[in-house]
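Heads up: the structure comes next, in structure tokens.
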Amino acid sequence: MTSPVLKSPLSKSLRVALLQLKAGADKSANLAKVTKYIEEAAAKTPSVDLVMLPECFNSPYAVDQFRNYAENIPEGETTKLLSSMAKKHGIYIIGGSIPELDSDKIYNTSLTFSPQGEIIAKHRKAHLFDIDIPDGITFQESLTLTGGDKATVFKLGDYGNVGLGICYDIRFPELASIASRSPYNAFAMFYPGAFNTTTGPLHWHLLARARAVDNELYTILCSPARDVEGGGYQAYGHSLVVDPSGKIIAEAGEGEEILYAELDKDVLTKAREGIPVHYQRRFDIYGDFVNDKSTKVGDK
């Protein structure tokens, strides 16, 4: 069987910068650090097109603290800061995630900003991190947070479509499947995430590579830096970028750093032509839940 000739879902190569930083108890200090890191990334030559932040970058990652740091969107100070930084530097910003206050509910929410400073996507973490690993870690986000109710796929300007999830969302392959298949045909899934030192070594790399290979797209994971001195929740670190064939093309360490990578449009084409799973799916056997009327997809 001859492989189909496919057009890359990424129109041109995209240069990304992942800001792996740690957040403390002082919200103003956290936002000052974010500003500093974005300024540094934006000064990189050749210039970056997109900057990504980690999960819960303006607050400690702690169930009993989320409400104390929660903000309304778009009126909150974090939203205004990221909007102004995107506009100032003419870049896309995937704003990791922050605790969002909406009425009396708290969500773990990620915002994406255009180079004009406009919010072009909003994803509320759909799958809440409620786990109890014997001799490992116990954590229950649902004590404070409410889960979102939509998959998020949106247009990243002229580059093409992308999907967005938050941390635990990566364990549920349906979100990436929705993004990668028709009619969206996304070129990447972005996951700000704060895996810990128990779950990170087990599954961080595995899940990133699996989502990439299953859907033949880039997966980009941005973690907080590990905070061994500050105590509390210990993030795994190791922010990384995986290409559509499952190859890790960039990976950070455990501390604070900026990780740079380029998403090559031609790599997508080669992966999808070489092993054309998009062309060979058997929806006559297992159906196409992506286009099921019950599937809820939104960009804001």
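Order determines the names: the first chain of the structure tokens is A, the second B, and so forth; residues in each chain are numbered 1 upward, and ligands are numbered 1 upward as they are shown.
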For region 48-74 of chain A against region 240-261 of chain A, with a cut-off of 12 Å and counting only C-alpha atoms, what is the closest atom pair and its distance in Å to one decimal for every residue that makes the cut, ordered by chain and number, as a Markdown table?
```
| residue | atom | partner | partner_atom | distance |
| --- | --- | --- | --- | --- |
| A:Val48 | CA | A:Tyr260 | CA | 8.4 |
| A:Asp49 | CA | A:Ala261 | CA | 10.6 |
| A:Leu50 | CA | A:Tyr260 | CA | 10.0 |
| A:Val51 | CA | A:Tyr260 | CA | 9.3 |
| A:Met52 | CA | A:Ile258 | CA | 9.8 |
| A:Leu53 | CA | A:Ile258 | CA | 10.0 |
| A:Pro54 | CA | A:Glu256 | CA | 11.2 |
```
Can you write just those residues out, N, CA, C and O atoms, as a PDB file, in the first residue's frame?
```
ATOM      1  N   VAL A  48      12.281  33.547  19.865  1.00  0.00           N
ATOM      2  CA  VAL A  48      11.294  32.505  20.113  1.00  0.00           C
ATOM      3  C   VAL A  48       9.925  33.003  19.666  1.00  0.00           C
ATOM      4  O   VAL A  48       9.654  34.207  19.628  1.00  0.00           O
ATOM      5  N   ASP A  49       9.069  32.059  19.333  1.00  0.00           N
ATOM      6  CA  ASP A  49       7.709  32.391  18.901  1.00  0.00           C
ATOM      7  C   ASP A  49       6.693  32.186  20.019  1.00  0.00           C
ATOM      8  O   ASP A  49       5.634  32.809  20.026  1.00  0.00           O
ATOM      9  N   LEU A  50       7.033  31.294  20.950  1.00  0.00           N
ATOM     10  CA  LEU A  50       6.086  30.911  21.997  1.00  0.00           C
ATOM     11  C   LEU A  50       6.833  30.618  23.285  1.00  0.00           C
ATOM     12  O   LEU A  50       7.865  29.940  23.276  1.00  0.00           O
ATOM     13  N   VAL A  51       6.303  31.132  24.385  1.00  0.00           N
ATOM     14  CA  VAL A  51       6.837  30.865  25.710  1.00  0.00           C
ATOM     15  C   VAL A  51       5.779  30.115  26.510  1.00  0.00           C
ATOM     16  O   VAL A  51       4.590  30.454  26.463  1.00  0.00           O
ATOM     17  N   MET A  52       6.223  29.092  27.232  1.00  0.00           N
ATOM     18  CA  MET A  52       5.300  28.272  28.015  1.00  0.00           C
ATOM     19  C   MET A  52       5.725  28.261  29.476  1.00  0.00           C
ATOM     20  O   MET A  52       6.920  28.165  29.788  1.00  0.00           O
ATOM     21  N   LEU A  53       4.755  28.352  30.375  1.00  0.00           N
ATOM     22  CA  LEU A  53       4.980  28.335  31.815  1.00  0.00           C
ATOM     23  C   LEU A  53       4.495  27.027  32.415  1.00  0.00           C
ATOM     24  O   LEU A  53       3.692  26.309  31.810  1.00  0.00           O
ATOM     25  N   PRO A  54       4.932  26.709  33.635  1.00  0.00           N
ATOM     26  CA  PRO A  54       4.518  25.451  34.269  1.00  0.00           C
ATOM     27  C   PRO A  54       3.172  25.550  34.977  1.00  0.00           C
ATOM     28  O   PRO A  54       2.592  26.637  35.119  1.00  0.00           O
TER      29      PRO A  54
END
```
Proximity of region 205-234 of chain A to region 94-99 of chain A: per-residue shortest pair, 12 Å limit, only C-alpha atoms, as a tab-separated table:
```
residue	atom	partner	partner_atom	distance
A:Ile220	CA	A:Ile94	CA	11.0
A:Leu221	CA	A:Gly96	CA	9.9
A:Cys222	CA	A:Gly96	CA	7.7
A:Ser223	CA	A:Gly96	CA	8.8
A:Pro224	CA	A:Gly96	CA	9.5
```
Find the spatial neighbours of Phe139 (chain A), counting only C-alpha atoms, within a cut-off of 7 Å - ignore same-chain residues fewer than 4 positions away - and output them as a PyMOL selection string. chain A and resi 129-132
Would you please give, as a ChimeraX atom specification, all residues of region 31-256 of chain A that DSSP assigns to alpha helix (DSSP H) based on the backbone? /A:31-42,66-69,77-89,174-180,199,205-215
Would you give me, as a ChimeraX atom specification, the residues in region 51-225 of chain A that DSSP reads as strand (DSSP E)? /A:51-52,92-94,98-102,105-113,119-124,130-132,138-140,151-155,161-164,188-192,218-222
Within 6 Å of Gly148 (chain A), counting only C-alpha atoms, which residues show up once you throw out same-chain ones fewer than 5 positions away? Write them as a list of chain:residue names, please.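 Final neighbour list, sorted by chain and number: A:Arg124, A:Lys125, A:Ala126.
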Selected residues written out with C-alpha atoms, as a compact mmCIF listing (two decimals), in the first residue's frame:
```txt
# COMPACT_ATOMS: atom_id res chain seq x y z
CA ARG A 124 -9.74 24.15 32.93
CA LYS A 125 -8.03 20.99 34.14
CA ALA A 126 -10.56 18.29 33.35
```
